[in-house]
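Reproduced below: query.pdb, with PDB, C-alpha atoms and all ligand atoms.
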```pdb
MODEL        1
ATOM      1  CA  MET A 173       4.773 -14.085  -1.836  1.00  0.00           C
ATOM      2  CA  LEU A 174       6.354 -11.914   0.884  1.00  0.00           C
ATOM      3  CA  ASP A 175       9.101 -13.367   3.038  1.00  0.00           C
ATOM      4  CA  ILE A 176      10.858 -11.434   5.750  1.00  0.00           C
ATOM      5  CA  GLU A 177      13.789 -12.692   7.756  1.00  0.00           C
ATOM      6  CA  ALA A 178      15.488 -10.972  10.666  1.00  0.00           C
ATOM      7  CA  LEU A 179      14.400  -7.519   9.579  1.00  0.00           C
ATOM      8  CA  ASP A 180      15.429  -4.632  11.768  1.00  0.00           C
ATOM      9  CA  HIS A 181      15.000  -0.912  11.258  1.00  0.00           C
ATOM     10  CA  GLY A 182      15.512   2.262  13.205  1.00  0.00           C
ATOM     11  CA  PHE A 183      17.085   5.669  13.212  1.00  0.00           C
ATOM     12  CA  ALA A 184      20.042   7.267  14.966  1.00  0.00           C
ATOM     13  CA  GLY A 185      21.053   4.020  16.641  1.00  0.00           C
ATOM     14  CA  ASN A 186      17.569   3.356  18.058  1.00  0.00           C
ATOM     15  CA  THR A 187      15.583   0.301  17.000  1.00  0.00           C
ATOM     16  CA  LEU A 188      12.107   1.142  15.722  1.00  0.00           C
ATOM     17  CA  TRP A 189      10.996  -2.452  15.122  1.00  0.00           C
ATOM     18  CA  THR A 190      12.358  -5.925  14.509  1.00  0.00           C
ATOM     19  CA  ILE A 191      10.623  -8.756  12.670  1.00  0.00           C
ATOM     20  CA  ASP A 192      12.160 -12.217  13.093  1.00  0.00           C
ATOM     21  CA  ARG A 193      10.214 -13.984  10.400  1.00  0.00           C
ATOM     22  CA  LEU A 194       7.038 -13.268   8.454  1.00  0.00           C
ATOM     23  CA  HIS A 195       5.354 -14.908   5.501  1.00  0.00           C
ATOM     24  CA  TRP A 196       2.393 -13.521   3.581  1.00  0.00           C
ATOM     25  CA  SER A 197       0.906 -15.385   0.646  1.00  0.00           C
ATOM     26  CA  GLY A 198      -0.890 -12.219  -0.463  1.00  0.00           C
ATOM     27  CA  ARG A 199      -4.216 -14.029  -0.513  1.00  0.00           C
ATOM     28  CA  GLU A 200      -5.522 -12.416   2.659  1.00  0.00           C
ATOM     29  CA  MET A 201      -6.021  -8.664   2.888  1.00  0.00           C
ATOM     30  CA  VAL A 202      -3.894  -7.418   5.784  1.00  0.00           C
ATOM     31  CA  HIS A 203      -4.630  -4.592   8.208  1.00  0.00           C
ATOM     32  CA  LEU A 204      -1.437  -3.128   9.698  1.00  0.00           C
ATOM     33  CA  GLN A 205      -2.111  -1.539  13.087  1.00  0.00           C
ATOM     34  CA  GLY A 206      -0.019   0.330  15.613  1.00  0.00           C
ATOM     35  CA  ASP A 207       0.092   3.511  17.645  1.00  0.00           C
ATOM     36  CA  ASN A 208       1.332   6.800  16.212  1.00  0.00           C
ATOM     37  CA  GLY A 209       5.062   6.540  15.739  1.00  0.00           C
ATOM     38  CA  SER A 210       5.158   2.729  16.001  1.00  0.00           C
ATOM     39  CA  GLY A 211       6.686   2.563  12.529  1.00  0.00           C
ATOM     40  CA  LYS A 212       3.853   1.575  10.181  1.00  0.00           C
ATOM     41  CA  THR A 213       4.821   4.006   7.416  1.00  0.00           C
ATOM     42  CA  THR A 214       8.461   3.051   7.765  1.00  0.00           C
ATOM     43  CA  LEU A 215       7.610  -0.644   7.432  1.00  0.00           C
ATOM     44  CA  LEU A 216       5.511  -0.051   4.313  1.00  0.00           C
ATOM     45  CA  ARG A 217       8.323   2.046   2.829  1.00  0.00           C
ATOM     46  CA  VAL A 218      10.861  -0.696   3.524  1.00  0.00           C
ATOM     47  CA  LEU A 219       8.576  -3.315   1.934  1.00  0.00           C
ATOM     48  CA  ALA A 220       8.253  -1.082  -1.133  1.00  0.00           C
ATOM     49  CA  GLY A 221      12.002  -0.551  -1.288  1.00  0.00           C
ATOM     50  CA  LEU A 222      11.718   3.211  -0.754  1.00  0.00           C
ATOM     51  CA  GLU A 223      14.252   2.895   2.032  1.00  0.00           C
ATOM     52  CA  PRO A 224      16.618   0.033   2.818  1.00  0.00           C
ATOM     53  CA  PRO A 225      16.266  -1.817   6.126  1.00  0.00           C
ATOM     54  CA  ARG A 226      19.076  -1.446   8.629  1.00  0.00           C
ATOM     55  CA  LEU A 227      19.455  -5.248   8.770  1.00  0.00           C
ATOM     56  CA  GLY A 228      17.781  -8.299   7.307  1.00  0.00           C
ATOM     57  CA  ARG A 229      16.005  -9.257   4.174  1.00  0.00           C
ATOM     58  CA  VAL A 230      12.729  -8.623   2.362  1.00  0.00           C
ATOM     59  CA  ARG A 231      11.929 -10.864  -0.588  1.00  0.00           C
ATOM     60  CA  TRP A 232       8.899 -10.740  -2.849  1.00  0.00           C
ATOM     61  CA  THR A 233       8.075 -13.757  -5.010  1.00  0.00           C
ATOM     62  CA  LEU A 234       6.012 -12.506  -7.945  1.00  0.00           C
ATOM     63  CA  ASP A 235       5.165 -14.404 -11.124  1.00  0.00           C
ATOM     64  CA  GLY A 236       7.683 -17.040 -10.089  1.00  0.00           C
ATOM     65  CA  GLN A 237      10.502 -14.519  -9.706  1.00  0.00           C
ATOM     66  CA  SER A 238      12.261 -13.843  -6.457  1.00  0.00           C
ATOM     67  CA  LEU A 239      12.742 -10.096  -6.112  1.00  0.00           C
ATOM     68  CA  VAL A 240      14.324  -7.752  -3.638  1.00  0.00           C
ATOM     69  CA  PRO A 241      12.489  -4.402  -3.431  1.00  0.00           C
ATOM     70  CA  PRO A 242      12.060  -2.009  -5.123  1.00  0.00           C
ATOM     71  CA  CYS A 243       9.845  -3.807  -7.637  1.00  0.00           C
ATOM     72  CA  PRO A 244       8.551  -0.848  -9.714  1.00  0.00           C
ATOM     73  CA  GLY A 245       5.056  -1.283 -11.053  1.00  0.00           C
ATOM     74  CA  TRP A 246       4.618  -4.562  -9.154  1.00  0.00           C
ATOM     75  CA  VAL A 247       4.772  -3.483  -5.534  1.00  0.00           C
ATOM     76  CA  VAL A 248       3.267  -0.012  -5.251  1.00  0.00           C
ATOM     77  CA  TYR A 249       3.231   2.181  -2.134  1.00  0.00           C
ATOM     78  CA  LEU A 250       0.503   4.777  -1.831  1.00  0.00           C
ATOM     79  CA  HIS A 251       0.713   7.599   0.687  1.00  0.00           C
ATOM     80  CA  GLN A 252      -2.462   8.980   2.277  1.00  0.00           C
ATOM     81  CA  HIS A 253      -1.723  12.327   0.565  1.00  0.00           C
ATOM     82  CA  PRO A 254      -0.605  11.010  -2.816  1.00  0.00           C
ATOM     83  CA  TYR A 255       1.667  13.072  -5.009  1.00  0.00           C
ATOM     84  CA  MET A 256      -0.098  14.667  -7.959  1.00  0.00           C
ATOM     85  CA  PHE A 257       1.856  15.706 -11.044  1.00  0.00           C
ATOM     86  CA  ASP A 258       1.250  19.371 -11.883  1.00  0.00           C
ATOM     87  CA  THR A 259      -0.908  18.465 -14.899  1.00  0.00           C
ATOM     88  CA  GLY A 260      -4.505  17.612 -15.673  1.00  0.00           C
ATOM     89  CA  VAL A 261      -6.168  14.547 -14.245  1.00  0.00           C
ATOM     90  CA  LEU A 262      -5.861  12.412 -17.398  1.00  0.00           C
ATOM     91  CA  ASP A 263      -2.247  13.466 -17.923  1.00  0.00           C
ATOM     92  CA  ASN A 264      -1.420  12.250 -14.410  1.00  0.00           C
ATOM     93  CA  LEU A 265      -2.310   8.773 -15.626  1.00  0.00           C
ATOM     94  CA  LEU A 266      -0.600   9.164 -19.006  1.00  0.00           C
ATOM     95  CA  LEU A 267       2.637  10.387 -17.406  1.00  0.00           C
ATOM     96  CA  ALA A 268       2.708   7.376 -15.098  1.00  0.00           C
ATOM     97  CA  ALA A 269       1.987   5.099 -18.064  1.00  0.00           C
ATOM     98  CA  ARG A 270       4.818   6.640 -20.090  1.00  0.00           C
ATOM     99  CA  TRP A 271       7.182   6.458 -17.141  1.00  0.00           C
ATOM    100  CA  HIS A 272       6.542   2.727 -16.906  1.00  0.00           C
ATOM    101  CA  GLY A 273       6.844   2.171 -20.651  1.00  0.00           C
ATOM    102  CA  LEU A 274       3.214   1.384 -21.536  1.00  0.00           C
ATOM    103  CA  GLU A 275       2.535   1.542 -25.259  1.00  0.00           C
ATOM    104  CA  ARG A 276       0.976   4.948 -26.126  1.00  0.00           C
ATOM    105  CA  ALA A 277      -2.363   3.987 -27.728  1.00  0.00           C
ATOM    106  CA  HIS A 278      -2.993   1.230 -25.195  1.00  0.00           C
ATOM    107  CA  ALA A 279      -2.079   3.575 -22.335  1.00  0.00           C
ATOM    108  CA  ARG A 280      -4.603   6.221 -23.408  1.00  0.00           C
ATOM    109  CA  GLU A 281      -7.413   3.721 -23.760  1.00  0.00           C
ATOM    110  CA  ARG A 282      -6.593   2.164 -20.436  1.00  0.00           C
ATOM    111  CA  ALA A 283      -6.217   5.542 -18.703  1.00  0.00           C
ATOM    112  CA  LEU A 284      -9.662   6.638 -19.897  1.00  0.00           C
ATOM    113  CA  GLY A 285     -11.086   3.359 -18.603  1.00  0.00           C
ATOM    114  CA  MET A 286      -9.364   3.923 -15.264  1.00  0.00           C
ATOM    115  CA  LEU A 287     -10.774   7.451 -14.999  1.00  0.00           C
ATOM    116  CA  ASN A 288     -14.295   6.122 -15.434  1.00  0.00           C
ATOM    117  CA  TRP A 289     -13.582   3.366 -12.936  1.00  0.00           C
ATOM    118  CA  CYS A 290     -12.515   5.836 -10.255  1.00  0.00           C
ATOM    119  CA  GLY A 291     -15.439   8.184 -10.974  1.00  0.00           C
ATOM    120  CA  LEU A 292     -13.363  11.020 -12.461  1.00  0.00           C
ATOM    121  CA  GLY A 293     -14.315  10.445 -16.107  1.00  0.00           C
ATOM    122  CA  GLU A 294     -15.812  13.940 -16.334  1.00  0.00           C
ATOM    123  CA  ARG A 295     -12.708  15.586 -14.816  1.00  0.00           C
ATOM    124  CA  ALA A 296     -10.059  14.581 -17.362  1.00  0.00           C
ATOM    125  CA  ARG A 297      -8.860  18.155 -17.952  1.00  0.00           C
ATOM    126  CA  GLN A 298      -9.163  19.488 -14.406  1.00  0.00           C
ATOM    127  CA  PRO A 299      -5.793  20.303 -12.763  1.00  0.00           C
ATOM    128  CA  ALA A 300      -5.035  17.279 -10.581  1.00  0.00           C
ATOM    129  CA  ARG A 301      -3.828  19.486  -7.735  1.00  0.00           C
ATOM    130  CA  SER A 302      -7.262  21.099  -7.515  1.00  0.00           C
ATOM    131  CA  LEU A 303      -8.921  17.771  -6.642  1.00  0.00           C
ATOM    132  CA  SER A 304     -10.259  17.153  -3.151  1.00  0.00           C
ATOM    133  CA  GLY A 305      -8.465  14.708  -0.830  1.00  0.00           C
ATOM    134  CA  GLY A 306     -10.867  11.875  -1.637  1.00  0.00           C
ATOM    135  CA  GLU A 307     -10.666  12.554  -5.381  1.00  0.00           C
ATOM    136  CA  ARG A 308      -6.862  12.618  -5.235  1.00  0.00           C
ATOM    137  CA  LEU A 309      -6.839   9.272  -3.546  1.00  0.00           C
ATOM    138  CA  ARG A 310      -9.186   7.839  -6.151  1.00  0.00           C
ATOM    139  CA  LEU A 311      -6.958   9.186  -8.923  1.00  0.00           C
ATOM    140  CA  ALA A 312      -3.879   7.749  -7.204  1.00  0.00           C
ATOM    141  CA  LEU A 313      -5.598   4.343  -7.006  1.00  0.00           C
ATOM    142  CA  ALA A 314      -6.385   4.577 -10.720  1.00  0.00           C
ATOM    143  CA  ARG A 315      -2.781   5.572 -11.435  1.00  0.00           C
ATOM    144  CA  ALA A 316      -1.549   2.596  -9.471  1.00  0.00           C
ATOM    145  CA  TRP A 317      -4.023   0.193 -11.036  1.00  0.00           C
ATOM    146  CA  LEU A 318      -3.011   1.333 -14.525  1.00  0.00           C
ATOM    147  CA  LEU A 319       0.221  -0.574 -13.957  1.00  0.00           C
ATOM    148  CA  GLU A 320      -1.596  -3.724 -12.815  1.00  0.00           C
ATOM    149  CA  PRO A 321       0.517  -4.112  -9.678  1.00  0.00           C
ATOM    150  CA  ARG A 322       0.594  -7.403  -7.803  1.00  0.00           C
ATOM    151  CA  VAL A 323       0.762  -5.698  -4.401  1.00  0.00           C
ATOM    152  CA  LEU A 324      -0.592  -2.401  -3.082  1.00  0.00           C
ATOM    153  CA  LEU A 325       0.788  -0.994   0.150  1.00  0.00           C
ATOM    154  CA  LEU A 326      -1.739   1.582   1.323  1.00  0.00           C
ATOM    155  CA  ASP A 327      -0.659   3.998   4.025  1.00  0.00           C
ATOM    156  CA  GLU A 328      -3.717   5.188   5.985  1.00  0.00           C
ATOM    157  CA  PRO A 329      -5.796   5.426   2.810  1.00  0.00           C
ATOM    158  CA  THR A 330      -8.944   6.712   4.484  1.00  0.00           C
ATOM    159  CA  ALA A 331      -7.514   8.607   7.484  1.00  0.00           C
ATOM    160  CA  THR A 332      -8.567  12.091   6.421  1.00  0.00           C
ATOM    161  CA  LEU A 333     -11.744  11.284   4.516  1.00  0.00           C
ATOM    162  CA  ASP A 334     -15.397  11.673   5.416  1.00  0.00           C
ATOM    163  CA  ALA A 335     -17.814   8.738   5.413  1.00  0.00           C
ATOM    164  CA  ARG A 336     -18.901   9.220   1.795  1.00  0.00           C
ATOM    165  CA  ALA A 337     -15.337   9.471   0.465  1.00  0.00           C
ATOM    166  CA  ILE A 338     -14.324   6.474   2.584  1.00  0.00           C
ATOM    167  CA  ALA A 339     -17.121   4.426   1.013  1.00  0.00           C
ATOM    168  CA  ASP A 340     -15.950   5.429  -2.493  1.00  0.00           C
ATOM    169  CA  VAL A 341     -12.318   4.537  -1.770  1.00  0.00           C
ATOM    170  CA  ASP A 342     -13.329   1.329   0.009  1.00  0.00           C
ATOM    171  CA  ALA A 343     -15.226   0.228  -3.090  1.00  0.00           C
ATOM    172  CA  LEU A 344     -12.193   0.842  -5.335  1.00  0.00           C
ATOM    173  CA  ILE A 345      -9.844  -1.015  -3.004  1.00  0.00           C
ATOM    174  CA  ASP A 346     -12.308  -3.863  -2.875  1.00  0.00           C
ATOM    175  CA  ASP A 347     -12.308  -4.021  -6.701  1.00  0.00           C
ATOM    176  CA  LEU A 348      -8.503  -4.216  -6.686  1.00  0.00           C
ATOM    177  CA  ALA A 349      -8.547  -7.031  -4.150  1.00  0.00           C
ATOM    178  CA  LEU A 350     -11.168  -8.930  -6.148  1.00  0.00           C
ATOM    179  CA  ALA A 351      -9.005  -8.539  -9.258  1.00  0.00           C
ATOM    180  CA  GLY A 352      -6.220 -10.383  -7.448  1.00  0.00           C
ATOM    181  CA  CYS A 353      -4.060  -7.521  -6.186  1.00  0.00           C
ATOM    182  CA  ALA A 354      -2.641  -8.274  -2.729  1.00  0.00           C
ATOM    183  CA  ILE A 355      -3.541  -5.487  -0.298  1.00  0.00           C
ATOM    184  CA  LEU A 356      -1.688  -4.467   2.838  1.00  0.00           C
ATOM    185  CA  MET A 357      -3.080  -1.342   4.455  1.00  0.00           C
ATOM    186  CA  SER A 358      -2.349   0.621   7.568  1.00  0.00           C
ATOM    187  CA  ALA A 359      -5.289   2.259   9.302  1.00  0.00           C
ATOM    188  CA  HIS A 360      -5.925   3.698  12.754  1.00  0.00           C
ATOM    189  CA  HIS A 361      -9.688   3.665  12.625  1.00  0.00           C
ATOM    190  CA  PRO A 362     -11.969   0.758  11.873  1.00  0.00           C
ATOM    191  CA  SER A 363     -13.792   1.021   8.559  1.00  0.00           C
ATOM    192  CA  PRO A 364     -15.792  -1.410   6.433  1.00  0.00           C
ATOM    193  CA  LEU A 365     -12.535  -2.142   4.633  1.00  0.00           C
ATOM    194  CA  THR A 366     -10.492  -2.920   7.750  1.00  0.00           C
ATOM    195  CA  ALA A 367     -13.376  -5.135   8.864  1.00  0.00           C
ATOM    196  CA  ARG A 368     -12.931  -7.151   5.665  1.00  0.00           C
ATOM    197  CA  CYS A 369      -9.204  -7.695   6.273  1.00  0.00           C
ATOM    198  CA  GLN A 370      -8.670 -11.369   7.063  1.00  0.00           C
ATOM    199  CA  ARG A 371      -5.337 -10.826   8.800  1.00  0.00           C
ATOM    200  CA  ARG A 372      -3.961  -8.287  11.251  1.00  0.00           C
ATOM    201  CA  TRP A 373      -0.373  -7.266  11.917  1.00  0.00           C
ATOM    202  CA  HIS A 374       0.157  -5.155  14.985  1.00  0.00           C
ATOM    203  CA  LEU A 375       3.310  -3.149  15.700  1.00  0.00           C
ATOM    204  CA  ARG A 376       3.655  -2.930  19.465  1.00  0.00           C
ATOM    205  CA  ASP A 377       6.750  -2.127  21.546  1.00  0.00           C
ATOM    206  CA  GLY A 378       8.975  -2.565  18.510  1.00  0.00           C
ATOM    207  CA  VAL A 379       7.659  -6.031  17.632  1.00  0.00           C
ATOM    208  CA  LEU A 380       5.283  -7.071  14.884  1.00  0.00           C
ATOM    209  CA  PHE A 381       2.511  -9.395  16.102  1.00  0.00           C
ATOM    210  CA  ASP A 382       0.826 -11.447  13.389  1.00  0.00           C
ATOM    211  CA  ASP A 383      -2.590 -12.789  14.378  1.00  0.00           C
ATOM    212  CA  VAL A 384      -2.322 -15.730  11.944  1.00  0.00           C
ATOM    213  CA  ALA A 385       1.028 -16.832  13.387  1.00  0.00           C
ATOM    214  CA  GLN A 386      -0.388 -16.428  16.892  1.00  0.00           C
ATOM    215  CA  ARG A 387      -3.415 -18.595  16.039  1.00  0.00           C
ATOM    216  CA  ARG A 388      -1.028 -21.256  14.688  1.00  0.00           C
ATOM    217  CA  GLU A 389       1.048 -21.086  17.857  1.00  0.00           C
ATOM    218  CA  SER A 390      -1.975 -21.576  20.080  1.00  0.00           C
ATOM    219  CA  ASN A 391      -3.530 -24.323  17.936  1.00  0.00           C
ATOM    220  CA  PRO A 392      -1.139 -27.192  17.138  1.00  0.00           C
ATOM    221  CA  ALA A 393      -3.545 -28.484  14.470  1.00  0.00           C
ATOM    222  CA  LEU A 394      -2.813 -25.373  12.374  1.00  0.00           C
ATOM    223  CA  ARG A 395       0.983 -25.635  12.541  1.00  0.00           C
TER     224      ARG A 395
HETATM  225  N1  LIG B   1      14.117   9.478   8.146  1.00  0.00           N
HETATM  226  C1  LIG B   1      13.899   9.450   9.456  1.00  0.00           C
HETATM  227  N2  LIG B   1      14.844   9.879  10.317  1.00  0.00           N
HETATM  228  C2  LIG B   1      14.642   9.835  11.663  1.00  0.00           C
HETATM  229  N3  LIG B   1      13.505   9.371  12.225  1.00  0.00           N
HETATM  230  C3  LIG B   1      12.529   8.941  11.416  1.00  0.00           C
HETATM  231  C4  LIG B   1      12.673   8.948   9.993  1.00  0.00           C
HETATM  232  N4  LIG B   1      11.531   8.447   9.436  1.00  0.00           N
HETATM  233  C5  LIG B   1      10.715   8.143  10.465  1.00  0.00           C
HETATM  234  N5  LIG B   1      11.306   8.449  11.649  1.00  0.00           N
HETATM  235  C6  LIG B   1      10.742   8.257  12.987  1.00  0.00           C
HETATM  236  O1  LIG B   1      10.304   6.915  13.107  1.00  0.00           O
HETATM  237  C7  LIG B   1       9.138   6.825  13.922  1.00  0.00           C
HETATM  238  C8  LIG B   1       8.076   6.026  13.204  1.00  0.00           C
HETATM  239  O2  LIG B   1       7.553   6.821  12.139  1.00  0.00           O
HETATM  240  P1  LIG B   1       6.408   6.262  11.188  1.00  0.00           P
HETATM  241  O3  LIG B   1       5.958   7.399  10.350  1.00  0.00           O
HETATM  242  O4  LIG B   1       6.895   5.042  10.502  1.00  0.00           O
HETATM  243  O5  LIG B   1       5.299   5.847  12.245  1.00  0.00           O
HETATM  244  P2  LIG B   1       3.751   5.545  12.022  1.00  0.00           P
HETATM  245  O6  LIG B   1       3.420   4.349  12.846  1.00  0.00           O
HETATM  246  O7  LIG B   1       3.430   5.453  10.562  1.00  0.00           O
HETATM  247  O8  LIG B   1       3.106   6.844  12.641  1.00  0.00           O
HETATM  248  P3  LIG B   1       1.688   7.556  12.385  1.00  0.00           P
HETATM  249  O9  LIG B   1       0.627   6.556  12.772  1.00  0.00           O
HETATM  250  O10 LIG B   1       1.717   8.727  13.299  1.00  0.00           O
HETATM  251  O11 LIG B   1       1.644   7.933  10.930  1.00  0.00           O
HETATM  252  C9  LIG B   1       8.751   8.263  14.249  1.00  0.00           C
HETATM  253  O12 LIG B   1       9.197   8.566  15.534  1.00  0.00           O
HETATM  254  C10 LIG B   1       9.472   9.077  13.183  1.00  0.00           C
HETATM  255  O13 LIG B   1       9.800  10.378  13.651  1.00  0.00           O
ENDMDL
END
```
Go ahead and render the structure in this file as structure tokens.
Amino acid sequence: MLDIEALDHGFAGNTLWTIDRLHWSGREMVHLQGDNGSGKTTLLRVLAGLEPPRLGRVRWTLDGQSLVPPCPGWVVYLHQHPYMFDTGVLDNLLLAARWHGLERAHARERALGMLNWCGLGERARQPARSLSGGERLRLALARAWLLEPRVLLLDEPTATLDARAIADVDALIDDLALAGCAILMSAHHPSPLTARCQRRWHLRDGVLFDDVAQRRESNPALR
């Protein structure tokens, strides 16, 4: 569902990374790795269409349609410190629903379901900006899931969380993956979730190494 050809990005005339060719069916959960500054966030932002690549092409094939990012509501990028609207917790979901044109009664019912799913059912009226880091991330996952995206691009989702919060977020991400949402996540530190990723992309020295492609290269039977 993701096809990349001759993608190249950088700033001020310097190349950050280049990717000759990459295909991802979306069936395997992917762990994007790389040192600080290797360009993980930038790659996720380019895949989401939040910034255009310097050269090359990104194409998503979703529900039989070939799309160039951005694909609002379908390919969703989530920052490790997600933006919270300056409203209550429930209204954060309802605003997102309205923004994306969900029908009002359906949106409310679904938003309440999402709040229970992410464990914030008792916090509907609490100001969203007063939530802890882990709670914000859970609310942001609920806000994303409200739209039933096909792809979630998660930027260091558990980087600043303690073990308990990581377990909570891991469980939610796992639910999304089981429901058929394709997950690509960057993460520095191993976690139960990164351990479950079936594929690894590694940004090193400006090149993206794909362990699946490398296995195919080294085993002719897989080509
Ligand atoms: N808009 C921009 N203008 C100039 N340089 C930028 C811009 N955005 C990112 N960079 C630079 O690109 C490099 C890669 O940044 P990026 O945030 O993608 O790396 P990262 O791998 O996600 O890093 P980290 O693991 O530390 O979060 C950094 O050196 C950053 O300063």
Could you spell out the hits of the PyMOL selection byres (((chain A and resi 357) around 7) and not hetatm) on the shown file, as a VMD selection string? chain A and resid 202 to 204 325 to 328 355 to 356 358 to 359
Save out the residues we just selected, C-alpha atoms, as an mmCIF file, in the frame of the given file.
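File produced: part.cif:
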```cif
data_model
loop_
_atom_site.group_PDB
_atom_site.id
_atom_site.type_symbol
_atom_site.label_atom_id
_atom_site.label_comp_id
_atom_site.auth_asym_id
_atom_site.auth_seq_id
_atom_site.Cartn_x
_atom_site.Cartn_y
_atom_site.Cartn_z
ATOM 1 C CA VAL A 202 -3.894 -7.418 5.784
ATOM 2 C CA HIS A 203 -4.630 -4.592 8.208
ATOM 3 C CA LEU A 204 -1.437 -3.128 9.698
ATOM 4 C CA LEU A 325 0.788 -0.994 0.150
ATOM 5 C CA LEU A 326 -1.739 1.582 1.323
ATOM 6 C CA ASP A 327 -0.659 3.998 4.025
ATOM 7 C CA GLU A 328 -3.717 5.188 5.985
ATOM 8 C CA ILE A 355 -3.541 -5.487 -0.298
ATOM 9 C CA LEU A 356 -1.688 -4.467 2.838
ATOM 10 C CA SER A 358 -2.349 0.621 7.568
ATOM 11 C CA ALA A 359 -5.289 2.259 9.302
#
```
Using all atoms listed in the file, find each residue in chain A having at least one atom no more than 8 Å away from ligand LIG 1 (chain B); report its shortest atom-to-atom pair and that distance in Å (one decimal), rows by chain then rising number, as a tab-separated table.
```
residue	atom	partner	partner_atom	distance
A:Gly182	CA	B:LIG1	O1	7.0
A:Phe183	CA	B:LIG1	C2	5.1
A:Ala184	CA	B:LIG1	C2	6.8
A:Leu188	CA	B:LIG1	O1	6.6
A:Gly206	CA	B:LIG1	O6	6.0
A:Asp207	CA	B:LIG1	O9	5.8
A:Asn208	CA	B:LIG1	O10	3.5
A:Gly209	CA	B:LIG1	O5	3.6
A:Ser210	CA	B:LIG1	O6	3.9
A:Gly211	CA	B:LIG1	O4	3.2
A:Lys212	CA	B:LIG1	O6	3.9
A:Thr213	CA	B:LIG1	O7	3.7
A:Thr214	CA	B:LIG1	O4	3.7
A:Leu215	CA	B:LIG1	O4	6.5
A:Asp327	CA	B:LIG1	O7	7.8
A:Glu328	CA	B:LIG1	O11	7.8
A:His360	CA	B:LIG1	O9	7.1
```
Can you give me, as JSON, numbers by chain, the residues this file yields under the PyMOL selection byres (((chain A and resi 324) around 9) and not hetatm)? {"A": [246, 247, 248, 249, 250, 316, 321, 322, 323, 325, 326, 348, 353, 354, 355, 356, 357]}
Contacts of segment 213-322 of chain A with segment 332-336 of chain A up to 10 Å, shortest pair per row, all atoms listed in the file, as a tab-separated table:
```
residue	atom	partner	partner_atom	distance
A:Gln252	CA	A:Thr332	CA	8.0
A:His253	CA	A:Thr332	CA	9.0
A:Ser304	CA	A:Leu333	CA	9.8
A:Gly305	CA	A:Leu333	CA	7.1
A:Gly306	CA	A:Leu333	CA	6.2
A:Leu309	CA	A:Leu333	CA	9.6
```
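Coordinates place atom CA of Glu223 of chain A at a distance of 21.5 Å from atom CA of Gly198 of chain A.
Taking only C-alpha atoms into account, the polymer residues that have an atom no farther than 8 Å from (-5.5, -8.1, 12.7) are Val202, His203, Leu204, Gln205, Cys369, Gln370, Arg371, Arg372, Trp373, His374, Asp382 and Asp383 of chain A.
Here atom CA of Trp232 of chain A stands at a distance of 22.6 Å from atom CA of Asp347 of chain A.
With distances taken over all atoms listed in the file, A:His272 is the one residue among A:Ala385, A:Ala220, A:Leu365, A:His272 lying closest to Gly245 of chain A.
Residue nearest Met256 of chain A within the list A:Val341, A:Ala331, A:Leu311, A:Ala283: A:Leu311 [criterion: smallest interatomic distance, all atoms listed in the file].
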Translate the PyMOL selection byres (((chain A and resi 291) around 10) and not hetatm), as applied to the file shown, into an explicit residue set as an mmCIF file with C-alpha atoms, in the coordinates of the input.
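The result, stored in out_25.cif:
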```cif
data_model
loop_
_atom_site.group_PDB
_atom_site.id
_atom_site.type_symbol
_atom_site.label_atom_id
_atom_site.label_comp_id
_atom_site.auth_asym_id
_atom_site.auth_seq_id
_atom_site.Cartn_x
_atom_site.Cartn_y
_atom_site.Cartn_z
ATOM 1 C CA MET A 286 -9.364 3.923 -15.264
ATOM 2 C CA LEU A 287 -10.774 7.451 -14.999
ATOM 3 C CA ASN A 288 -14.295 6.122 -15.434
ATOM 4 C CA TRP A 289 -13.582 3.366 -12.936
ATOM 5 C CA CYS A 290 -12.515 5.836 -10.255
ATOM 6 C CA LEU A 292 -13.363 11.020 -12.461
ATOM 7 C CA GLY A 293 -14.315 10.445 -16.107
ATOM 8 C CA GLU A 294 -15.812 13.940 -16.334
ATOM 9 C CA ARG A 295 -12.708 15.586 -14.816
ATOM 10 C CA GLU A 307 -10.666 12.554 -5.381
ATOM 11 C CA ARG A 310 -9.186 7.839 -6.151
ATOM 12 C CA LEU A 311 -6.958 9.186 -8.923
ATOM 13 C CA ALA A 314 -6.385 4.577 -10.720
ATOM 14 C CA ASP A 340 -15.950 5.429 -2.493
ATOM 15 C CA LEU A 344 -12.193 0.842 -5.335
#
```
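Minimum atom-to-atom distances from A:Leu239, A:Leu227, A:Leu375, A:Ala300 to Val261 of chain A were compared using all atoms listed in the file, and the lowest value belongs to A:Ala300.
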Quick one: residues within 10 Å of Ser197 of chain A, only C-alpha atoms, excluding same-chain residues fewer than 2 positions away - as a CSV table (one decimal) with C-alpha atoms, in the coordinates of the input?
```csv
chain,number,residue,atom,x,y,z
A,173,MET,CA,4.8,-14.1,-1.8
A,174,LEU,CA,6.4,-11.9,0.9
A,175,ASP,CA,9.1,-13.4,3.0
A,195,HIS,CA,5.4,-14.9,5.5
A,199,ARG,CA,-4.2,-14.0,-0.5
A,200,GLU,CA,-5.5,-12.4,2.7
A,201,MET,CA,-6.0,-8.7,2.9
A,232,TRP,CA,8.9,-10.7,-2.8
A,233,THR,CA,8.1,-13.8,-5.0
A,354,ALA,CA,-2.6,-8.3,-2.7
```
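Take atom CA of Leu350 of chain A and atom CA of Ala312 of chain A: the distance between them is 18.2 Å.
Close contacts of Gly260 of chain A, defined as residues with an atom at most 10 Å away when counting all atoms listed in the file, with chain neighbours fewer than 6 positions off set aside, comprise Leu266, Arg295, Ala296, Arg297, Gln298, Pro299, Ala300, Arg301 and Ser302 of chain A.
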Centre, edges in Å (one decimal): axis-aligned box, segment 257-266 of chain A, 5 Å padding on all six sides, as JSON:
```
{"center_x": -2.2, "center_y": 14.1, "center_z": -15.0, "size_x": 18.0, "size_y": 20.6, "size_z": 18.0}
```
